[in-house]
file query10.json (JSON, C-alpha atoms)
[["chain", "number", "residue", "atom", "x", "y", "z"],
["A", 1, "MET", "CA", 25.32, -13.68, 8.17],
["A", 2, "THR", "CA", 23.65, -10.66, 6.64],
["A", 3, "LEU", "CA", 22.46, -11.21, 3.06],
["A", 4, "THR", "CA", 23.80, -8.70, 0.54],
["A", 5, "PHE", "CA", 23.07, -7.83, -3.09],
["A", 6, "GLU", "CA", 25.22, -10.76, -4.28],
["A", 7, "ASP", "CA", 22.87, -13.26, -2.59],
["A", 8, "PHE", "CA", 19.90, -12.36, -4.80],
["A", 9, "LYS", "CA", 19.88, -14.14, -8.17],
["A", 10, "PRO", "CA", 16.95, -14.23, -10.61],
["A", 11, "GLY", "CA", 14.58, -17.10, -9.86],
["A", 12, "HIS", "CA", 12.64, -18.45, -6.89],
["A", 13, "PHE", "CA", 14.04, -17.02, -3.66],
["A", 14, "GLY", "CA", 11.86, -18.49, -0.93],
["A", 15, "THR", "CA", 8.44, -19.22, 0.51],
["A", 16, "PHE", "CA", 7.52, -17.74, 3.89],
["A", 17, "GLY", "CA", 4.66, -18.10, 6.36],
["A", 18, "PRO", "CA", 2.11, -19.11, 7.31],
["A", 19, "ARG", "CA", 0.84, -15.84, 8.76],
["A", 20, "HIS", "CA", -2.51, -16.32, 10.49],
["A", 21, "VAL", "CA", -4.89, -13.35, 10.15],
["A", 22, "THR", "CA", -7.57, -12.69, 12.74],
["A", 23, "ARG", "CA", -10.91, -10.88, 12.44],
["A", 24, "ASP", "CA", -9.82, -8.47, 15.19],
["A", 25, "GLU", "CA", -6.69, -7.33, 13.35],
["A", 26, "ILE", "CA", -8.61, -6.89, 10.06],
["A", 27, "ILE", "CA", -11.10, -4.63, 11.85],
["A", 28, "ALA", "CA", -8.37, -2.79, 13.79],
["A", 29, "PHE", "CA", -6.38, -1.95, 10.63],
["A", 30, "ALA", "CA", -9.53, -0.93, 8.75],
["A", 31, "GLY", "CA", -10.72, 1.21, 11.66],
["A", 32, "GLU", "CA", -7.53, 3.22, 11.53],
["A", 33, "TYR", "CA", -6.64, 3.32, 7.83],
["A", 34, "ASP", "CA", -9.50, 2.09, 5.64],
["A", 35, "PRO", "CA", -12.85, 2.46, 7.44],
["A", 36, "GLN", "CA", -15.06, 1.23, 4.61],
["A", 37, "PRO", "CA", -18.05, -0.87, 5.71],
["A", 38, "MET", "CA", -16.88, -3.97, 3.79],
["A", 39, "HIS", "CA", -13.78, -4.13, 6.04],
["A", 40, "LEU", "CA", -15.58, -3.34, 9.32],
["A", 41, "ASP", "CA", -19.04, -4.81, 9.42],
["A", 42, "GLU", "CA", -20.28, -8.30, 8.49],
["A", 43, "ASP", "CA", -23.74, -7.20, 7.25],
["A", 44, "ALA", "CA", -22.33, -4.45, 5.03],
["A", 45, "ALA", "CA", -19.62, -6.84, 3.85],
["A", 46, "ASN", "CA", -22.15, -9.51, 2.90],
["A", 47, "ALA", "CA", -24.00, -6.97, 0.75],
["A", 48, "SER", "CA", -20.79, -5.79, -0.99],
["A", 49, "LEU", "CA", -19.18, -7.13, -4.16],
["A", 50, "LEU", "CA", -16.65, -8.94, -1.96],
["A", 51, "LYS", "CA", -19.43, -10.99, -0.28],
["A", 52, "GLY", "CA", -18.20, -11.17, 3.29],
["A", 53, "LEU", "CA", -15.80, -9.44, 5.66],
["A", 54, "SER", "CA", -12.39, -8.94, 4.05],
["A", 55, "GLY", "CA", -9.19, -7.10, 4.91],
["A", 56, "SER", "CA", -8.12, -3.79, 3.39],
["A", 57, "GLY", "CA", -5.80, -4.06, 0.41],
["A", 58, "TRP", "CA", -3.42, -1.73, 2.27],
["A", 59, "HIS", "CA", -3.50, -4.13, 5.20],
["A", 60, "MET", "CA", -2.46, -6.85, 2.73],
["A", 61, "CYS", "CA", 0.44, -4.63, 1.55],
["A", 62, "SER", "CA", 1.51, -4.10, 5.16],
["A", 63, "LEU", "CA", 1.26, -7.82, 5.95],
["A", 64, "MET", "CA", 3.36, -8.63, 2.87],
["A", 65, "MET", "CA", 5.96, -6.17, 4.15],
["A", 66, "ARG", "CA", 5.99, -7.84, 7.56],
["A", 67, "MET", "CA", 6.26, -11.30, 6.00],
["A", 68, "MET", "CA", 9.20, -10.10, 3.89],
["A", 69, "CYS", "CA", 10.83, -8.64, 7.02],
["A", 70, "ASP", "CA", 10.38, -11.85, 9.02],
["A", 71, "GLY", "CA", 11.26, -14.04, 6.04],
["A", 72, "PHE", "CA", 14.55, -12.43, 5.03],
["A", 73, "LEU", "CA", 14.65, -8.64, 4.98],
["A", 74, "LEU", "CA", 15.64, -8.11, 8.64],
["A", 75, "ASN", "CA", 18.63, -10.31, 7.86],
["A", 76, "THR", "CA", 19.47, -8.40, 4.66],
["A", 77, "ALA", "CA", 21.45, -5.19, 4.05],
["A", 78, "SER", "CA", 18.13, -3.54, 3.05],
["A", 79, "LEU", "CA", 18.39, 0.19, 2.38],
["A", 80, "GLY", "CA", 14.74, 0.88, 1.57],
["A", 81, "SER", "CA", 12.63, 0.86, -1.57],
["A", 82, "PRO", "CA", 11.89, 3.54, -4.18],
["A", 83, "GLY", "CA", 8.36, 2.21, -4.76],
["A", 84, "VAL", "CA", 6.08, -0.46, -6.15],
["A", 85, "ASN", "CA", 5.74, -0.98, -9.90],
["A", 86, "GLU", "CA", 2.50, -2.86, -9.61],
["A", 87, "MET", "CA", 0.18, -4.31, -6.98],
["A", 88, "LYS", "CA", -2.72, -6.56, -7.88],
["A", 89, "TRP", "CA", -5.41, -7.32, -5.33],
["A", 90, "LEU", "CA", -6.72, -10.50, -6.95],
["A", 91, "ALA", "CA", -8.95, -11.91, -4.23],
["A", 92, "PRO", "CA", -10.10, -10.76, -0.80],
["A", 93, "PHE", "CA", -8.39, -12.09, 2.31],
["A", 94, "ARG", "CA", -10.60, -13.20, 5.16],
["A", 95, "PRO", "CA", -10.57, -13.63, 8.93],
["A", 96, "GLY", "CA", -8.86, -16.93, 9.74],
["A", 97, "ASP", "CA", -6.75, -17.04, 6.57],
["A", 98, "ASP", "CA", -3.28, -18.54, 6.82],
["A", 99, "LEU", "CA", -1.21, -16.60, 4.29],
["A", 100, "MET", "CA", 1.89, -17.85, 2.52],
["A", 101, "LEU", "CA", 4.30, -15.51, 0.71],
["A", 102, "ASP", "CA", 6.17, -16.65, -2.40],
["A", 103, "VAL", "CA", 9.17, -14.48, -3.28],
["A", 104, "GLU", "CA", 10.86, -14.47, -6.67],
["A", 105, "VAL", "CA", 13.78, -12.32, -7.83],
["A", 106, "LEU", "CA", 12.97, -10.86, -11.25],
["A", 107, "GLU", "CA", 16.13, -8.81, -11.68],
["A", 108, "ALA", "CA", 19.25, -7.82, -9.75],
["A", 109, "ARG", "CA", 21.33, -4.95, -11.09],
["A", 110, "ALA", "CA", 24.11, -2.80, -9.72],
["A", 111, "SER", "CA", 23.29, 0.86, -9.16],
["A", 112, "GLN", "CA", 25.05, 3.23, -11.58],
["A", 113, "SER", "CA", 24.82, 6.21, -9.27],
["A", 114, "ARG", "CA", 25.62, 4.42, -6.00],
["A", 115, "PRO", "CA", 28.36, 1.78, -6.32],
["A", 116, "SER", "CA", 27.77, 0.62, -2.73],
["A", 117, "LEU", "CA", 24.37, -0.87, -3.53],
["A", 118, "GLY", "CA", 22.31, -2.83, -6.03],
["A", 119, "ILE", "CA", 18.64, -2.84, -6.88],
["A", 120, "VAL", "CA", 16.79, -6.14, -6.61],
["A", 121, "THR", "CA", 13.33, -6.32, -8.16],
["A", 122, "PHE", "CA", 11.10, -8.81, -6.36],
["A", 123, "LYS", "CA", 7.82, -10.40, -7.34],
["A", 124, "CYS", "CA", 5.93, -11.33, -4.19],
["A", 125, "SER", "CA", 2.67, -13.24, -4.14],
["A", 126, "THR", "CA", 0.42, -14.22, -1.27],
["A", 127, "ARG", "CA", -1.92, -17.18, -1.28],
["A", 128, "ASN", "CA", -4.35, -18.64, 1.21],
["A", 129, "ALA", "CA", -4.48, -22.24, 2.47],
["A", 130, "LYS", "CA", -6.75, -23.19, -0.46],
["A", 131, "GLY", "CA", -3.99, -22.09, -2.84],
["A", 132, "GLN", "CA", -5.93, -19.08, -4.09],
["A", 133, "THR", "CA", -3.66, -16.15, -5.03],
["A", 134, "ILE", "CA", -4.64, -13.10, -2.96],
["A", 135, "SER", "CA", -2.15, -10.45, -4.08],
["A", 136, "GLN", "CA", 0.81, -9.96, -6.35],
["A", 137, "MET", "CA", 3.40, -7.20, -6.09],
["A", 138, "ILE", "CA", 6.40, -6.18, -8.16],
["A", 139, "SER", "CA", 8.75, -3.92, -6.22],
["A", 140, "PRO", "CA", 12.45, -3.00, -6.23],
["A", 141, "ILE", "CA", 14.49, -2.87, -3.01],
["A", 142, "MET", "CA", 17.93, -1.27, -2.62],
["A", 143, "ILE", "CA", 20.38, -3.72, -1.06],
["A", 144, "GLY", "CA", 23.95, -3.08, 0.04],
["A", 145, "ARG", "CA", 26.82, -4.87, -1.71],
["A", 146, "ARG", "CA", 29.05, -7.20, 0.25],
["A", 147, "ASP", "CA", 32.28, -5.26, -0.18],
["A", 148, "ALA", "CA", 30.59, -1.98, 0.67],
["A", 149, "ALA", "CA", 27.94, -2.85, 3.25],
["A", 150, "PRO", "CA", 28.90, -1.87, 6.78],
["A", 151, "ALA", "CA", 27.91, -4.72, 9.07],
["A", 152, "ASN", "CA", 25.14, -3.79, 11.49],
["B", 1, "MET", "CA", -17.91, 8.50, -4.64],
["B", 2, "ARG", "CA", -19.49, 9.70, -7.88],
["B", 3, "TYR", "CA", -21.24, 7.80, -10.64],
["B", 4, "LEU", "CA", -19.12, 7.01, -13.69],
["B", 5, "GLU", "CA", -21.11, 9.47, -15.82],
["B", 6, "ASP", "CA", -20.44, 12.36, -13.41],
["B", 7, "ILE", "CA", -16.69, 11.96, -13.20],
["B", 8, "THR", "CA", -14.53, 14.63, -14.86],
["B", 9, "ILE", "CA", -10.96, 13.87, -15.93],
["B", 10, "GLY", "CA", -8.62, 16.19, -14.08],
["B", 11, "HIS", "CA", -11.06, 16.70, -11.17],
["B", 12, "ARG", "CA", -8.95, 17.18, -8.06],
["B", 13, "ARG", "CA", -9.79, 16.93, -4.39],
["B", 14, "GLU", "CA", -7.72, 18.04, -1.44],
["B", 15, "LEU", "CA", -7.65, 15.17, 1.04],
["B", 16, "GLY", "CA", -6.15, 16.84, 4.10],
["B", 17, "SER", "CA", -2.94, 16.65, 6.11],
["B", 18, "PHE", "CA", -1.29, 14.25, 8.55],
["B", 19, "THR", "CA", 1.74, 14.72, 10.82],
["B", 20, "PHE", "CA", 4.02, 11.72, 11.25],
["B", 21, "THR", "CA", 5.20, 11.80, 14.87],
["B", 22, "ALA", "CA", 8.09, 9.60, 16.01],
["B", 23, "GLU", "CA", 5.58, 7.64, 18.13],
["B", 24, "SER", "CA", 3.24, 6.93, 15.21],
["B", 25, "ILE", "CA", 6.17, 6.01, 12.92],
["B", 26, "LYS", "CA", 7.47, 3.47, 15.43],
["B", 27, "ALA", "CA", 4.01, 2.10, 16.27],
["B", 28, "PHE", "CA", 3.33, 1.31, 12.61],
["B", 29, "ALA", "CA", 6.82, -0.09, 12.04],
["B", 30, "ILE", "CA", 6.72, -2.44, 15.04],
["B", 31, "GLN", "CA", 3.61, -4.02, 13.59],
["B", 32, "PHE", "CA", 4.40, -4.12, 9.89],
["B", 33, "ASP", "CA", 7.89, -2.98, 8.92],
["B", 34, "PRO", "CA", 10.36, -3.43, 11.80],
["B", 35, "GLN", "CA", 13.50, -2.36, 9.90],
["B", 36, "PRO", "CA", 15.92, -0.39, 12.13],
["B", 37, "PHE", "CA", 15.57, 2.92, 10.22],
["B", 38, "HIS", "CA", 11.81, 2.90, 10.96],
["B", 39, "LEU", "CA", 12.25, 2.11, 14.67],
["B", 40, "ASP", "CA", 15.30, 3.93, 15.95],
["B", 41, "GLU", "CA", 16.46, 7.57, 15.56],
["B", 42, "GLU", "CA", 20.17, 6.72, 15.43],
["B", 43, "ALA", "CA", 19.70, 3.89, 12.92],
["B", 44, "GLY", "CA", 17.61, 6.31, 10.86],
["B", 45, "ARG", "CA", 20.33, 8.97, 10.92],
["B", 46, "GLN", "CA", 22.89, 6.45, 9.70],
["B", 47, "SER", "CA", 20.61, 5.23, 6.86],
["B", 48, "LEU", "CA", 20.04, 6.67, 3.38],
["B", 49, "PHE", "CA", 16.96, 8.41, 4.86],
["B", 50, "GLY", "CA", 19.01, 10.60, 7.20],
["B", 51, "GLY", "CA", 16.61, 10.34, 10.15],
["B", 52, "LEU", "CA", 13.84, 8.28, 11.71],
["B", 53, "ALA", "CA", 11.76, 7.55, 8.61],
["B", 54, "ALA", "CA", 8.15, 6.40, 8.28],
["B", 55, "SER", "CA", 7.56, 3.07, 6.58],
["B", 56, "GLY", "CA", 6.40, 3.64, 3.02],
["B", 57, "TRP", "CA", 3.35, 1.54, 3.84],
["B", 58, "HIS", "CA", 2.53, 3.90, 6.70],
["B", 59, "VAL", "CA", 2.63, 6.84, 4.25],
["B", 60, "ALA", "CA", 0.44, 4.83, 1.86],
["B", 61, "SER", "CA", -2.04, 3.70, 4.54],
["B", 62, "VAL", "CA", -2.51, 7.27, 5.76],
["B", 63, "CYS", "CA", -3.30, 8.24, 2.16],
["B", 64, "MET", "CA", -6.04, 5.58, 2.13],
["B", 65, "LYS", "CA", -7.36, 6.89, 5.45],
["B", 66, "LEU", "CA", -7.66, 10.39, 3.99],
["B", 67, "LEU", "CA", -9.18, 9.08, 0.74],
["B", 68, "VAL", "CA", -11.90, 7.27, 2.72],
["B", 69, "GLU", "CA", -12.59, 10.33, 4.88],
["B", 70, "ASP", "CA", -12.84, 12.47, 1.74],
["B", 71, "GLY", "CA", -15.27, 9.94, 0.27],
["B", 72, "GLN", "CA", -17.41, 10.26, 3.39],
["B", 73, "ARG", "CA", -17.39, 14.05, 3.04],
["B", 74, "ALA", "CA", -18.36, 13.78, -0.65],
["B", 75, "LYS", "CA", -21.20, 11.42, 0.31],
["B", 76, "ALA", "CA", -22.52, 13.89, 2.89],
["B", 77, "GLU", "CA", -22.29, 16.73, 0.34],
["B", 78, "ALA", "CA", -24.29, 14.67, -2.19],
["B", 79, "GLU", "CA", -26.94, 13.83, 0.42],
["B", 80, "ALA", "CA", -27.18, 17.51, 1.40],
["B", 81, "ARG", "CA", -27.98, 18.28, -2.24],
["B", 82, "GLY", "CA", -30.76, 15.67, -2.12],
["B", 83, "GLU", "CA", -28.88, 13.20, -4.33],
["B", 84, "VAL", "CA", -28.46, 9.49, -3.80],
["B", 85, "PRO", "CA", -24.68, 9.07, -3.50],
["B", 86, "ALA", "CA", -22.91, 6.35, -5.47],
["B", 87, "VAL", "CA", -21.49, 3.42, -3.52],
["B", 88, "GLY", "CA", -18.07, 2.45, -4.82],
["B", 89, "GLY", "CA", -16.77, -1.04, -5.40],
["B", 90, "PRO", "CA", -13.45, -2.63, -4.51],
["B", 91, "SER", "CA", -10.10, -1.82, -6.07],
["B", 92, "PRO", "CA", -8.22, -4.28, -8.26],
["B", 93, "GLY", "CA", -4.89, -2.70, -7.29],
["B", 94, "PHE", "CA", -2.52, 0.11, -8.13],
["B", 95, "ARG", "CA", 0.66, 0.83, -10.02],
["B", 96, "ASP", "CA", 3.55, 3.30, -10.17],
["B", 97, "LEU", "CA", 3.64, 3.83, -6.41],
["B", 98, "ARG", "CA", 6.63, 6.04, -5.65],
["B", 99, "TRP", "CA", 8.31, 6.82, -2.36],
["B", 100, "ILE", "CA", 10.06, 9.89, -3.75],
["B", 101, "ARG", "CA", 11.58, 11.36, -0.59],
["B", 102, "PRO", "CA", 11.86, 10.11, 2.97],
["B", 103, "VAL", "CA", 9.11, 11.05, 5.42],
["B", 104, "LEU", "CA", 10.88, 11.86, 8.67],
["B", 105, "ALA", "CA", 9.57, 12.23, 12.22],
["B", 106, "GLY", "CA", 7.76, 15.57, 12.53],
["B", 107, "ASP", "CA", 6.97, 15.90, 8.81],
["B", 108, "THR", "CA", 3.45, 16.96, 7.83],
["B", 109, "LEU", "CA", 2.17, 15.63, 4.53],
["B", 110, "THR", "CA", -0.70, 17.16, 2.57],
["B", 111, "TYR", "CA", -2.44, 14.72, 0.24],
["B", 112, "SER", "CA", -4.51, 15.31, -2.88],
["B", 113, "SER", "CA", -6.05, 13.13, -5.56],
["B", 114, "GLU", "CA", -6.84, 13.76, -9.22],
["B", 115, "VAL", "CA", -8.90, 11.74, -11.71],
["B", 116, "VAL", "CA", -6.73, 10.37, -14.54],
["B", 117, "SER", "CA", -9.22, 8.22, -16.46],
["B", 118, "ALA", "CA", -12.72, 6.76, -16.18],
["B", 119, "ARG", "CA", -14.23, 4.17, -18.49],
["B", 120, "ALA", "CA", -16.89, 1.46, -18.60],
["B", 121, "THR", "CA", -15.75, -2.13, -18.11],
["B", 122, "ALA", "CA", -16.74, -5.05, -20.29],
["B", 123, "THR", "CA", -16.22, -7.56, -17.49],
["B", 124, "ARG", "CA", -18.58, -5.98, -14.93],
["B", 125, "PRO", "CA", -21.77, -4.60, -16.52],
["B", 126, "GLY", "CA", -23.10, -1.61, -14.61],
["B", 127, "TRP", "CA", -19.66, -0.64, -13.38],
["B", 128, "GLY", "CA", -16.79, 1.45, -14.62],
["B", 129, "ILE", "CA", -13.18, 1.69, -13.65],
["B", 130, "LEU", "CA", -11.74, 4.92, -12.29],
["B", 131, "GLN", "CA", -8.02, 5.68, -12.20],
["B", 132, "SER", "CA", -6.76, 8.44, -9.98],
["B", 133, "LYS", "CA", -3.32, 9.73, -9.06],
["B", 134, "SER", "CA", -2.84, 10.55, -5.41],
["B", 135, "VAL", "CA", 0.08, 12.70, -4.32],
["B", 136, "ALA", "CA", 1.55, 13.83, -1.00],
["B", 137, "VAL", "CA", 3.76, 16.89, -0.47],
["B", 138, "ASN", "CA", 5.64, 17.72, 2.71],
["B", 139, "GLN", "CA", 5.69, 21.01, 4.64],
["B", 140, "ARG", "CA", 8.38, 22.33, 2.26],
["B", 141, "GLY", "CA", 6.17, 21.65, -0.77],
["B", 142, "GLU", "CA", 8.34, 18.74, -1.94],
["B", 143, "GLU", "CA", 6.54, 15.81, -3.53],
["B", 144, "VAL", "CA", 7.26, 12.75, -1.38],
["B", 145, "TYR", "CA", 4.70, 10.14, -2.46],
["B", 146, "SER", "CA", 2.43, 9.29, -5.36],
["B", 147, "PHE", "CA", 0.53, 6.34, -6.76],
["B", 148, "LEU", "CA", -1.91, 5.53, -9.52],
["B", 149, "GLY", "CA", -4.89, 3.74, -8.00],
["B", 150, "SER", "CA", -7.92, 2.18, -9.62],
["B", 151, "ALA", "CA", -11.36, 1.39, -8.28],
["B", 152, "PHE", "CA", -14.72, 0.19, -9.54],
["B", 153, "VAL", "CA", -17.41, 2.89, -9.69],
["B", 154, "PRO", "CA", -21.10, 2.30, -10.46],
["B", 155, "GLN", "CA", -22.84, 3.62, -13.55],
["B", 156, "ARG", "CA", -25.96, 5.68, -12.98],
["B", 157, "GLY", "CA", -29.11, 3.56, -12.88],
["B", 158, "ALA", "CA", -27.18, 0.30, -12.62],
["B", 159, "GLY", "CA", -24.97, -1.44, -10.10],
["B", 160, "ALA", "CA", -24.87, -0.19, -6.51]]
call {"tool": "encode", "arguments": {"input": "query10.json", "output": "structure tokens"}}
result
Amino acid sequence: MTLTFEDFKPGHFGTFGPRHVTRDEIIAFAGEYDPQPMHLDEDAANASLLKGLSGSGWHMCSLMMRMMCDGFLLNTASLGSPGVNEMKWLAPFRPGDDLMLDVEVLEARASQSRPSLGIVTFKCSTRNAKGQTISQMISPIMIGRRDAAPAN
Amino acid sequence: MRYLEDITIGHRRELGSFTFTAESIKAFAIQFDPQPFHLDEEAGRQSLFGGLAASGWHVASVCMKLLVEDGQRAKAEAEARGEVPAVGGPSPGFRDLRWIRPVLAGDTLTYSSEVVSARATATRPGWGILQSKSVAVNQRGEEVYSFLGSAFVPQRGAGA
């Protein structure tokens, strides 16, 4: 059954993953969208503040999106998102990392302007297998209400 | 990338343009954001977006691509003047990212970036933190995307 606005209550929602990250995909994303040496080349990466090859922060954002999709969003009456309040890149992610995504609902409120949907604000965090927090995002998503959402 | 001391608040750079084809929208979405309105024209038409819409992370990643390319141009300009260009550090994150309007198949976005603040940091001697607001407008001049990013920049004679 498709999850609707009513299914999202403040508190812990779920933990998803692991998502294994390879060196090849880190380099492929960086080559297309963030071709800085620290994301492309081991020697340059070792000399950088991040001390070793790491993925682009925007790759992390995109991986979080995919983990949300696979975890619950493809089974939710998701209508898109107006933005991201805050994204913290707390630690680099590395080739070989197995990422876990923790999802918490901070707030769920009905839309004043659109009675057919509500706005759920999520806090999503990723961590690696050592338990180190990699990223933290606060972002609202518009979700259809049960009595209004057309099934699809 | 400039040194902290050389950065002017309000300094703006044009980053360039990018056209979101249906193929590129779907290719990104299959990998990272496979929601129906990013993958299928009909599902897009029936959604709040009103057409096949690019993932917001695609719009954001293209902005990063253009920011990096602009940084490479700025580096070449500095070298041509005989200067030693600054080498920037990583970014601790961003805030206030807004997907203001849908980006639909065929739209061309033009991106720019403007310095909002620059200050020394207590936690990393030799470095400062730069905040800049990046914006994208579509071919009709409508603002569709913006975010407030931050990044570490070296101080002259230190860091790097």
call {"tool": "closest_atom_pairs", "arguments": {"input": "query10.json", "of": "chain A", "to": "chain B", "cutoff": "6 Å", "atoms": "all atoms listed in the file", "output": "Markdown table"}}
result
| residue | atom | partner | partner_atom | distance |
| --- | --- | --- | --- | --- |
| A:Tyr33 | CA | B:Lys65 | CA | 4.4 |
| A:Asp34 | CA | B:Lys65 | CA | 5.3 |
| A:Ser62 | CA | B:Phe32 | CA | 5.5 |
| A:Arg66 | CA | B:Phe32 | CA | 4.7 |
| A:Pro82 | CA | B:Trp99 | CA | 5.2 |
| A:Gly83 | CA | B:Arg98 | CA | 4.3 |
| A:Val84 | CA | B:Leu97 | CA | 4.9 |
| A:Asn85 | CA | B:Asp96 | CA | 4.8 |
| A:Glu86 | CA | B:Arg95 | CA | 4.1 |
| A:Met87 | CA | B:Phe94 | CA | 5.3 |
| A:Lys88 | CA | B:Gly93 | CA | 4.5 |
| A:Trp89 | CA | B:Gly93 | CA | 5.0 |
call {"tool": "closest_residue", "arguments": {"input": "query10.json", "among": "A:Leu3, A:Leu90, A:Leu53, A:Leu106", "to": "Gly144 of chain A", "atoms": "all atoms listed in the file"}}
result
A:Leu3
call {"tool": "atom_distance", "arguments": {"input": "query10.json", "atom1": "atom CA of Ile129 of chain B", "atom2": "atom CA of Gly10 of chain B"}}
result
15.2 Å
call {"tool": "closest_residue", "arguments": {"input": "query10.json", "among": "A:Gly71, A:Pro37, A:Pro92, A:Pro18", "to": "Leu50 of chain A", "atoms": "all atoms listed in the file"}}
result
A:Pro92
call {"tool": "closest_residue", "arguments": {"input": "query10.json", "among": "A:Ala77, A:Cys124, A:Val103, A:Ala91", "to": "Ser56 of chain A", "atoms": "all atoms listed in the file"}}
result
A:Ala91
call {"tool": "residues_near_point", "arguments": {"input": "query10.json", "point": "(21.7, -10.3, 4.2)", "cutoff": "7 Å", "atoms": "all atoms listed in the file", "output": "PyMOL selection string"}}
result
chain A and resi 1-4+75-77
call {"tool": "atom_distance", "arguments": {"input": "query10.json", "atom1": "atom CA of Gly14 of chain A", "atom2": "atom CA of Asp70 of chain A"}}
result
12.1 Å
call {"tool": "atom_distance", "arguments": {"input": "query10.json", "atom1": "atom CA of Leu4 of chain B", "atom2": "atom CA of Ser17 of chain B"}}
result
27.3 Å
call {"tool": "closest_residue", "arguments": {"input": "query10.json", "among": "A:Gly118, A:Gly96, A:Gly17, A:Pro35", "to": "Leu63 of chain A", "atoms": "only C-alpha atoms"}}
result
A:Gly17
call {"tool": "closest_residue", "arguments": {"input": "query10.json", "among": "A:Cys61, A:Leu99, A:Ile141, A:Met68", "to": "Ser111 of chain A", "atoms": "all atoms listed in the file"}}
result
A:Ile141
call {"tool": "closest_residue", "arguments": {"input": "query10.json", "among": "A:Trp58, A:Phe13, A:Phe122, A:Phe72", "to": "Ser139 of chain A", "atoms": "only C-alpha atoms"}}
result
A:Phe122
call {"tool": "axis_aligned_box", "arguments": {"input": "query10.json", "around": "segment 72-88 of chain A", "padding_each_side": "8 Å", "output": "JSON"}}
result
{"center_x": 9.4, "center_y": -4.4, "center_z": -0.6, "size_x": 40.2, "size_y": 32.0, "size_z": 34.5}
